[in-house]
>>> print(open('structure26.cif').read())   # mmCIF, C-alpha atoms; chains and numbers go by the auth columns
data_my_file
#
loop_
_atom_site.group_PDB
_atom_site.id
_atom_site.type_symbol
_atom_site.label_atom_id
_atom_site.label_comp_id
_atom_site.label_asym_id
_atom_site.label_seq_id
_atom_site.Cartn_x
_atom_site.Cartn_y
_atom_site.Cartn_z
_atom_site.B_iso_or_equiv
_atom_site.auth_seq_id
_atom_site.auth_asym_id
ATOM 1 C CA MET A 1 73.898 -181.452 14.710 0.00 1 R
ATOM 2 C CA GLU A 2 73.000 -179.274 17.684 0.00 2 R
ATOM 3 C CA GLN A 3 74.975 -176.046 18.125 0.00 3 R
ATOM 4 C CA GLU A 4 76.924 -175.853 21.365 0.00 4 R
ATOM 5 C CA ALA A 5 76.848 -172.761 23.581 0.00 5 R
ATOM 6 C CA ASN A 6 80.010 -170.619 23.696 0.00 6 R
ATOM 7 C CA PRO A 7 81.874 -171.463 26.935 0.00 7 R
ATOM 8 C CA TRP A 8 84.265 -168.469 26.533 0.00 8 R
ATOM 9 C CA LYS A 9 83.547 -164.976 27.885 0.00 9 R
ATOM 10 C CA THR A 10 85.406 -161.982 26.450 0.00 10 R
ATOM 11 C CA THR A 11 86.040 -159.238 29.004 0.00 11 R
ATOM 12 C CA ARG A 12 88.208 -156.893 26.900 0.00 12 R
ATOM 13 C CA ILE A 13 89.659 -156.657 23.381 0.00 13 R
ATOM 14 C CA THR A 14 92.685 -154.503 22.548 0.00 14 R
ATOM 15 C CA GLN A 15 94.062 -153.973 19.091 0.00 15 R
ATOM 16 C CA ALA A 16 97.807 -154.664 18.966 0.00 16 R
ATOM 17 C CA TYR A 17 98.438 -154.087 15.249 0.00 17 R
ATOM 18 C CA GLU A 18 96.568 -153.479 12.014 0.00 18 R
ATOM 19 C CA ASN A 19 97.373 -153.188 8.315 0.00 19 R
ATOM 20 C CA GLU A 20 95.489 -153.512 5.032 0.00 20 R
ATOM 21 C CA TRP A 21 95.085 -157.302 5.365 0.00 21 R
ATOM 22 C CA ILE A 22 95.007 -158.253 9.057 0.00 22 R
ATOM 23 C CA ARG A 23 94.282 -157.023 12.566 0.00 23 R
ATOM 24 C CA LEU A 24 96.046 -158.545 15.573 0.00 24 R
ATOM 25 C CA GLU A 25 93.935 -158.513 18.729 0.00 25 R
ATOM 26 C CA HIS A 26 94.671 -159.261 22.395 0.00 26 R
ATOM 27 C CA HIS A 27 91.634 -160.668 24.215 0.00 27 R
ATOM 28 C CA ASP A 28 91.207 -160.864 27.967 0.00 28 R
ATOM 29 C CA VAL A 29 88.874 -163.789 28.554 0.00 29 R
ATOM 30 C CA ILE A 30 87.243 -166.057 31.051 0.00 30 R
ATOM 31 C CA LYS A 31 88.208 -169.556 29.905 0.00 31 R
ATOM 32 C CA PRO A 32 85.728 -172.445 29.749 0.00 32 R
ATOM 33 C CA ASN A 33 87.006 -173.619 33.170 0.00 33 R
ATOM 34 C CA GLY A 34 85.982 -170.248 34.698 0.00 34 R
ATOM 35 C CA GLU A 35 89.532 -168.944 35.151 0.00 35 R
ATOM 36 C CA PRO A 36 90.786 -165.656 33.652 0.00 36 R
ATOM 37 C CA GLY A 37 93.101 -165.906 30.664 0.00 37 R
ATOM 38 C CA ILE A 38 94.252 -164.330 27.429 0.00 38 R
ATOM 39 C CA TYR A 39 93.807 -165.157 23.764 0.00 39 R
ATOM 40 C CA GLY A 40 95.533 -163.736 20.716 0.00 40 R
ATOM 41 C CA LYS A 41 93.514 -163.497 17.529 0.00 41 R
ATOM 42 C CA VAL A 42 94.520 -162.641 13.978 0.00 42 R
ATOM 43 C CA HIS A 43 91.513 -161.236 12.137 0.00 43 R
ATOM 44 C CA PHE A 44 91.759 -161.541 8.355 0.00 44 R
ATOM 45 C CA LYS A 45 90.063 -158.764 6.417 0.00 45 R
ATOM 46 C CA ASN A 46 89.915 -160.917 3.281 0.00 46 R
ATOM 47 C CA THR A 47 88.283 -164.248 2.598 0.00 47 R
ATOM 48 C CA ALA A 48 90.782 -166.628 0.994 0.00 48 R
ATOM 49 C CA ILE A 49 89.817 -167.951 -2.438 0.00 49 R
ATOM 50 C CA ALA A 50 91.226 -171.068 -4.153 0.00 50 R
ATOM 51 C CA ILE A 51 90.511 -172.013 -7.737 0.00 51 R
ATOM 52 C CA LEU A 52 90.947 -175.499 -9.195 0.00 52 R
ATOM 53 C CA PRO A 53 91.061 -174.928 -12.957 0.00 53 R
ATOM 54 C CA ILE A 54 90.422 -178.113 -14.954 0.00 54 R
ATOM 55 C CA ASP A 55 90.748 -178.163 -18.731 0.00 55 R
ATOM 56 C CA SER A 56 88.975 -180.496 -21.166 0.00 56 R
ATOM 57 C CA ASP A 57 91.954 -182.918 -21.076 0.00 57 R
ATOM 58 C CA GLY A 58 91.863 -183.295 -17.272 0.00 58 R
ATOM 59 C CA ASN A 59 94.800 -180.985 -16.566 0.00 59 R
ATOM 60 C CA THR A 60 95.041 -178.366 -13.876 0.00 60 R
ATOM 61 C CA TYR A 61 97.309 -175.350 -13.485 0.00 61 R
ATOM 62 C CA LEU A 62 99.594 -174.752 -10.526 0.00 62 R
ATOM 63 C CA VAL A 63 101.178 -171.423 -9.710 0.00 63 R
ATOM 64 C CA GLY A 64 104.721 -171.368 -8.359 0.00 64 R
ATOM 65 C CA GLN A 65 106.056 -168.473 -6.348 0.00 65 R
ATOM 66 C CA TYR A 66 108.464 -167.650 -3.563 0.00 66 R
ATOM 67 C CA ARG A 67 106.534 -167.106 -0.320 0.00 67 R
ATOM 68 C CA TYR A 68 108.132 -164.466 1.878 0.00 68 R
ATOM 69 C CA THR A 69 106.489 -165.673 5.111 0.00 69 R
ATOM 70 C CA ILE A 70 107.895 -169.195 4.926 0.00 70 R
ATOM 71 C CA ASP A 71 111.121 -168.279 3.076 0.00 71 R
ATOM 72 C CA ALA A 72 110.490 -171.022 0.525 0.00 72 R
ATOM 73 C CA TYR A 73 109.215 -171.664 -2.986 0.00 73 R
ATOM 74 C CA SER A 74 105.654 -172.965 -3.120 0.00 74 R
ATOM 75 C CA TRP A 75 103.484 -174.653 -5.765 0.00 75 R
ATOM 76 C CA GLU A 76 99.818 -173.803 -5.280 0.00 76 R
ATOM 77 C CA LEU A 77 96.529 -173.544 -7.063 0.00 77 R
ATOM 78 C CA PRO A 78 95.610 -170.020 -8.151 0.00 78 R
ATOM 79 C CA GLU A 79 94.581 -168.252 -4.937 0.00 79 R
ATOM 80 C CA GLY A 80 93.791 -164.807 -3.666 0.00 80 R
ATOM 81 C CA GLY A 81 91.688 -162.699 -1.396 0.00 81 R
ATOM 82 C CA CYS A 82 88.187 -161.298 -1.451 0.00 82 R
ATOM 83 C CA GLN A 83 87.251 -158.243 0.579 0.00 83 R
ATOM 84 C CA ASN A 84 84.803 -155.906 -1.110 0.00 84 R
ATOM 85 C CA GLU A 85 83.417 -158.131 -3.856 0.00 85 R
ATOM 86 C CA ALA A 86 81.463 -161.351 -4.262 0.00 86 R
ATOM 87 C CA ALA A 87 83.613 -164.458 -3.752 0.00 87 R
ATOM 88 C CA ILE A 88 82.891 -165.761 -7.257 0.00 88 R
ATOM 89 C CA ASP A 89 83.996 -162.424 -8.751 0.00 89 R
ATOM 90 C CA ALA A 90 87.230 -162.588 -6.762 0.00 90 R
ATOM 91 C CA ALA A 91 87.801 -166.145 -7.981 0.00 91 R
ATOM 92 C CA LYS A 92 87.358 -165.080 -11.613 0.00 92 R
ATOM 93 C CA ARG A 93 89.692 -162.123 -11.116 0.00 93 R
ATOM 94 C CA GLU A 94 92.392 -164.170 -9.364 0.00 94 R
ATOM 95 C CA LEU A 95 92.329 -166.953 -11.964 0.00 95 R
ATOM 96 C CA LYS A 96 92.857 -164.448 -14.788 0.00 96 R
ATOM 97 C CA GLU A 97 95.457 -162.406 -12.880 0.00 97 R
ATOM 98 C CA GLU A 98 97.622 -165.388 -11.966 0.00 98 R
ATOM 99 C CA THR A 99 97.239 -167.691 -14.977 0.00 99 R
ATOM 100 C CA GLY A 100 95.522 -165.760 -17.764 0.00 100 R
ATOM 101 C CA LEU A 101 92.736 -168.355 -17.729 0.00 101 R
ATOM 102 C CA ILE A 102 89.082 -167.422 -18.099 0.00 102 R
ATOM 103 C CA ALA A 103 86.455 -170.028 -17.190 0.00 103 R
ATOM 104 C CA SER A 104 82.852 -170.101 -18.330 0.00 104 R
ATOM 105 C CA LYS A 105 81.765 -172.796 -15.829 0.00 105 R
ATOM 106 C CA TRP A 106 82.180 -172.339 -12.066 0.00 106 R
ATOM 107 C CA THR A 107 81.271 -174.757 -9.272 0.00 107 R
ATOM 108 C CA LEU A 108 81.498 -174.103 -5.539 0.00 108 R
ATOM 109 C CA LEU A 109 83.603 -176.921 -4.062 0.00 109 R
ATOM 110 C CA GLY A 110 83.394 -175.963 -0.383 0.00 110 R
ATOM 111 C CA GLU A 111 84.299 -173.608 2.451 0.00 111 R
ATOM 112 C CA ASN A 112 86.593 -173.962 5.452 0.00 112 R
ATOM 113 C CA TYR A 113 88.716 -172.157 8.043 0.00 113 R
ATOM 114 C CA LEU A 114 92.468 -172.321 7.535 0.00 114 R
ATOM 115 C CA SER A 115 93.867 -172.047 11.069 0.00 115 R
ATOM 116 C CA ASN A 116 90.985 -171.587 13.474 0.00 116 R
ATOM 117 C CA SER A 117 93.012 -171.875 16.667 0.00 117 R
ATOM 118 C CA VAL A 118 94.462 -168.370 16.226 0.00 118 R
ATOM 119 C CA THR A 119 92.796 -166.846 13.139 0.00 119 R
ATOM 120 C CA ASP A 120 89.337 -166.357 11.704 0.00 120 R
ATOM 121 C CA GLU A 121 90.557 -166.767 8.100 0.00 121 R
ATOM 122 C CA ARG A 122 87.758 -168.251 6.013 0.00 122 R
ATOM 123 C CA ALA A 123 88.390 -169.890 2.639 0.00 123 R
ATOM 124 C CA ILE A 124 86.143 -170.663 -0.318 0.00 124 R
ATOM 125 C CA MET A 125 87.109 -173.233 -2.965 0.00 125 R
ATOM 126 C CA TYR A 126 85.896 -173.265 -6.576 0.00 126 R
ATOM 127 C CA ILE A 127 86.274 -175.500 -9.614 0.00 127 R
ATOM 128 C CA ALA A 128 86.754 -173.583 -12.879 0.00 128 R
ATOM 129 C CA GLU A 129 86.037 -175.344 -16.182 0.00 129 R
ATOM 130 C CA ASP A 130 85.496 -174.569 -19.881 0.00 130 R
ATOM 131 C CA LEU A 131 88.762 -172.654 -19.918 0.00 131 R
ATOM 132 C CA ARG A 132 90.191 -170.283 -22.475 0.00 132 R
ATOM 133 C CA MET A 133 93.563 -168.549 -22.347 0.00 133 R
ATOM 134 C CA SER A 134 94.215 -164.810 -22.244 0.00 134 R
ATOM 135 C CA ALA A 135 97.067 -162.711 -20.851 0.00 135 R
ATOM 136 C CA ALA A 136 97.939 -163.069 -17.156 0.00 136 R
ATOM 137 C CA GLU A 137 98.007 -159.883 -15.048 0.00 137 R
ATOM 138 C CA PRO A 138 99.983 -160.694 -11.878 0.00 138 R
ATOM 139 C CA GLU A 139 100.201 -158.210 -9.021 0.00 139 R
ATOM 140 C CA GLU A 140 103.481 -156.359 -8.351 0.00 140 R
ATOM 141 C CA THR A 141 104.293 -158.780 -5.495 0.00 141 R
ATOM 142 C CA GLU A 142 103.901 -161.852 -7.704 0.00 142 R
ATOM 143 C CA LEU A 143 106.723 -163.359 -9.769 0.00 143 R
ATOM 144 C CA LEU A 144 104.887 -166.468 -10.928 0.00 144 R
ATOM 145 C CA GLN A 145 105.561 -169.666 -12.833 0.00 145 R
ATOM 146 C CA ILE A 146 102.650 -171.643 -14.256 0.00 146 R
ATOM 147 C CA LYS A 147 102.720 -175.451 -14.429 0.00 147 R
ATOM 148 C CA LYS A 148 100.078 -177.363 -16.424 0.00 148 R
ATOM 149 C CA ILE A 149 99.803 -180.953 -15.165 0.00 149 R
ATOM 150 C CA PRO A 150 97.222 -183.769 -15.011 0.00 150 R
ATOM 151 C CA ILE A 151 94.867 -183.303 -12.056 0.00 151 R
ATOM 152 C CA GLN A 152 95.843 -186.746 -10.713 0.00 152 R
ATOM 153 C CA GLU A 153 99.511 -185.653 -10.645 0.00 153 R
ATOM 154 C CA ALA A 154 98.605 -182.537 -8.634 0.00 154 R
ATOM 155 C CA ILE A 155 96.669 -184.716 -6.177 0.00 155 R
ATOM 156 C CA GLN A 156 99.706 -186.979 -5.816 0.00 156 R
ATOM 157 C CA MET A 157 101.928 -183.930 -5.196 0.00 157 R
ATOM 158 C CA ALA A 158 99.586 -182.951 -2.357 0.00 158 R
ATOM 159 C CA LEU A 159 99.542 -186.456 -0.899 0.00 159 R
ATOM 160 C CA HIS A 160 103.337 -186.828 -1.021 0.00 160 R
ATOM 161 C CA GLY A 161 104.200 -183.483 0.561 0.00 161 R
ATOM 162 C CA GLU A 162 105.409 -181.748 -2.606 0.00 162 R
ATOM 163 C CA ILE A 163 102.611 -179.214 -2.136 0.00 163 R
ATOM 164 C CA LYS A 164 102.552 -177.707 1.354 0.00 164 R
ATOM 165 C CA ASP A 165 99.946 -174.936 0.977 0.00 165 R
ATOM 166 C CA ILE A 166 96.977 -176.130 3.046 0.00 166 R
ATOM 167 C CA LEU A 167 94.315 -174.429 0.927 0.00 167 R
ATOM 168 C CA THR A 168 95.696 -176.111 -2.202 0.00 168 R
ATOM 169 C CA ILE A 169 95.870 -179.478 -0.445 0.00 169 R
ATOM 170 C CA THR A 170 92.330 -179.135 0.905 0.00 170 R
ATOM 171 C CA THR A 171 90.965 -178.125 -2.489 0.00 171 R
ATOM 172 C CA LEU A 172 92.694 -180.957 -4.369 0.00 172 R
ATOM 173 C CA LEU A 173 91.749 -183.641 -1.831 0.00 173 R
ATOM 174 C CA THR A 174 88.145 -182.436 -1.531 0.00 174 R
ATOM 175 C CA TYR A 175 87.884 -182.642 -5.303 0.00 175 R
ATOM 176 C CA ALA A 176 89.485 -186.118 -5.345 0.00 176 R
ATOM 177 C CA LEU A 177 87.062 -187.428 -2.736 0.00 177 R
ATOM 178 C CA LYS A 178 84.022 -186.046 -4.567 0.00 178 R
ATOM 179 C CA VAL A 179 84.879 -187.257 -8.071 0.00 179 R
ATOM 180 C CA PRO A 180 84.349 -190.935 -8.866 0.00 180 R
ATOM 181 C CA GLY A 181 87.341 -192.660 -10.407 0.00 181 R
ATOM 182 C CA LEU A 182 90.091 -190.525 -8.882 0.00 182 R
ATOM 183 C CA HIS A 183 92.435 -192.395 -6.584 0.00 183 R
ATOM 184 C CA LEU A 184 94.127 -191.271 -3.404 0.00 184 R
ATOM 185 C CA SER A 185 97.299 -193.287 -2.929 0.00 185 R
#
>>> encode(input="structure26.cif", output="structure tokens")
Amino acid sequence: MEQEANPWKTTRITQAYENEWIRLEHHDVIKPNGEPGIYGKVHFKNTAIAILPIDSDGNTYLVGQYRYTIDAYSWELPEGGCQNEAAIDAAKRELKEETGLIASKWTLLGENYLSNSVTDERAIMYIAEDLRMSAAEPEETELLQIKKIPIQEAIQMALHGEIKDILTITTLLTYALKVPGLHLS
């Protein structure tokens, strides 16, 4: 596929807000139609990481927690952020922190952008296998529940709207489409 030229021209960028995780920017631009305009951008300092742990019996592990931003409880795959380390190292760290699981086999499942109309947040998805259990080490902001369920049940939860976290949904459905014998219904 041929790469298209960028039809946008940035004339000025101002920083509106910044913290440890994000930077909010105001961009003055020339739009693709040639007219002046504005664009707001949320720059994520971390790369999002999702881990699909699969045990020898075909089960996966979901993490349940209350999400402040949406004011709701959410079931998700183990997830986290990667800033100053290799993505695979962040995935290993997050899996152990959130579930206590340690995997000896890792497979890159894919990469994507989570909301590319207003953010540059990139995500990397991994499959973790050959699991063994150790003690979980959640962060101080995490009050987590762990749910061990068959992978097919987790896929069904994603398909039927019981899981709303887009990175979890994308990871589960990418896995389902790549593995022969799994059904999406």
>>> residues_near_point(input="structure26.cif", point="(86.7, -183.5, -3.6)", cutoff="12 Å", atoms="only C-alpha atoms", output="list in words")
Leu52, Thr107, Leu108, Leu109, Gly110, Glu111, Met125, Tyr126, Ile127, Ile151, Ile155, Thr168, Ile169, Thr170, Thr171, Leu172, Leu173, Thr174, Tyr175, Ala176, Leu177, Lys178, Val179, Pro180, Gly181, Leu182, His183 and Leu184 of chain R
>>> atom_distance(input="structure26.cif", atom1="CA of Asp89 (chain R)", atom2="CA of Arg122 (chain R)")
16.3 Å
>>> resolve_selection(input="structure26.cif", expression="the PyMOL selection byres ((chain R and resi 23) around 10)", output="PyMOL selection string")
chain R and resi 15-22+24-25+41-45+119
>>> closest_residue(input="structure26.cif", among="R:Ala103, R:Ile51, R:Ala91, R:Ala123", to="Val63 (chain R)", atoms="all atoms listed in the file")
R:Ile51
>>> resolve_selection(input="structure26.cif", expression="the PyMOL selection byres ((chain R and resi 132) around 8)", output="list of chain:residue names")
R:Leu101, R:Ile102, R:Ala103, R:Asp130, R:Leu131, R:Met133, R:Ser134
>>> closest_residue(input="structure26.cif", among="R:Glu162, R:Asp28, R:Glu76, R:Asp71", to="Lys148 (chain R)", atoms="all atoms listed in the file")
R:Glu76
>>> residues_around(input="structure26.cif", residues="Ser74 (chain R)", least_positions_apart="4", cutoff="12 Å", atoms="only C-alpha atoms", output="mmCIF file with C-alpha atoms, in the frame of the given file")
data_model
loop_
_atom_site.group_PDB
_atom_site.id
_atom_site.type_symbol
_atom_site.label_atom_id
_atom_site.label_comp_id
_atom_site.auth_asym_id
_atom_site.auth_seq_id
_atom_site.Cartn_x
_atom_site.Cartn_y
_atom_site.Cartn_z
ATOM 1 C CA LEU R 62 99.594 -174.752 -10.526
ATOM 2 C CA VAL R 63 101.178 -171.423 -9.710
ATOM 3 C CA GLY R 64 104.721 -171.368 -8.359
ATOM 4 C CA GLN R 65 106.056 -168.473 -6.348
ATOM 5 C CA TYR R 66 108.464 -167.650 -3.563
ATOM 6 C CA ARG R 67 106.534 -167.106 -0.320
ATOM 7 C CA TYR R 68 108.132 -164.466 1.878
ATOM 8 C CA THR R 69 106.489 -165.673 5.111
ATOM 9 C CA ILE R 70 107.895 -169.195 4.926
ATOM 10 C CA PRO R 78 95.610 -170.020 -8.151
ATOM 11 C CA LEU R 143 106.723 -163.359 -9.769
ATOM 12 C CA LEU R 144 104.887 -166.468 -10.928
ATOM 13 C CA GLN R 145 105.561 -169.666 -12.833
ATOM 14 C CA ILE R 146 102.650 -171.643 -14.256
ATOM 15 C CA LYS R 147 102.720 -175.451 -14.429
ATOM 16 C CA MET R 157 101.928 -183.930 -5.196
ATOM 17 C CA ALA R 158 99.586 -182.951 -2.357
ATOM 18 C CA GLY R 161 104.200 -183.483 0.561
ATOM 19 C CA GLU R 162 105.409 -181.748 -2.606
ATOM 20 C CA ILE R 163 102.611 -179.214 -2.136
ATOM 21 C CA LYS R 164 102.552 -177.707 1.354
ATOM 22 C CA ASP R 165 99.946 -174.936 0.977
ATOM 23 C CA ILE R 166 96.977 -176.130 3.046
ATOM 24 C CA THR R 168 95.696 -176.111 -2.202
#
>>> axis_aligned_box(input="structure26.cif", around="region 32-47 of chain R", padding_each_side="8 Å", output="JSON")
{"center_x": 90.6, "center_y": -166.2, "center_z": 18.9, "size_x": 25.8, "size_y": 30.9, "size_z": 48.6}
>>> resolve_selection(input="structure26.cif", expression="the PyMOL selection byres ((chain R and resi 10) around 10)", output="PyMOL selection string")
chain R and resi 8-9+11-13+27-31+36-39
>>> closest_residue(input="structure26.cif", among="R:Tyr113, R:Asp55, R:Tyr61, R:Glu121", to="Cys82 (chain R)", atoms="all atoms listed in the file")
R:Glu121
>>> atom_distance(input="structure26.cif", atom1="CA of Gln83 (chain R)", atom2="CA of Ile49 (chain R)")
10.5 Å
>>> atom_distance(input="structure26.cif", atom1="CA of Leu95 (chain R)", atom2="CA of Ile54 (chain R)")
11.7 Å
>>> closest_residue(input="structure26.cif", among="R:Pro7, R:Pro53, R:Gly34, R:Gly58", to="Glu153 (chain R)", atoms="all atoms listed in the file")
R:Gly58
>>> closest_residue(input="structure26.cif", among="R:Ala136, R:Glu98, R:Ile124, R:Lys92", to="Asn46 (chain R)", atoms="all atoms listed in the file")
R:Ile124
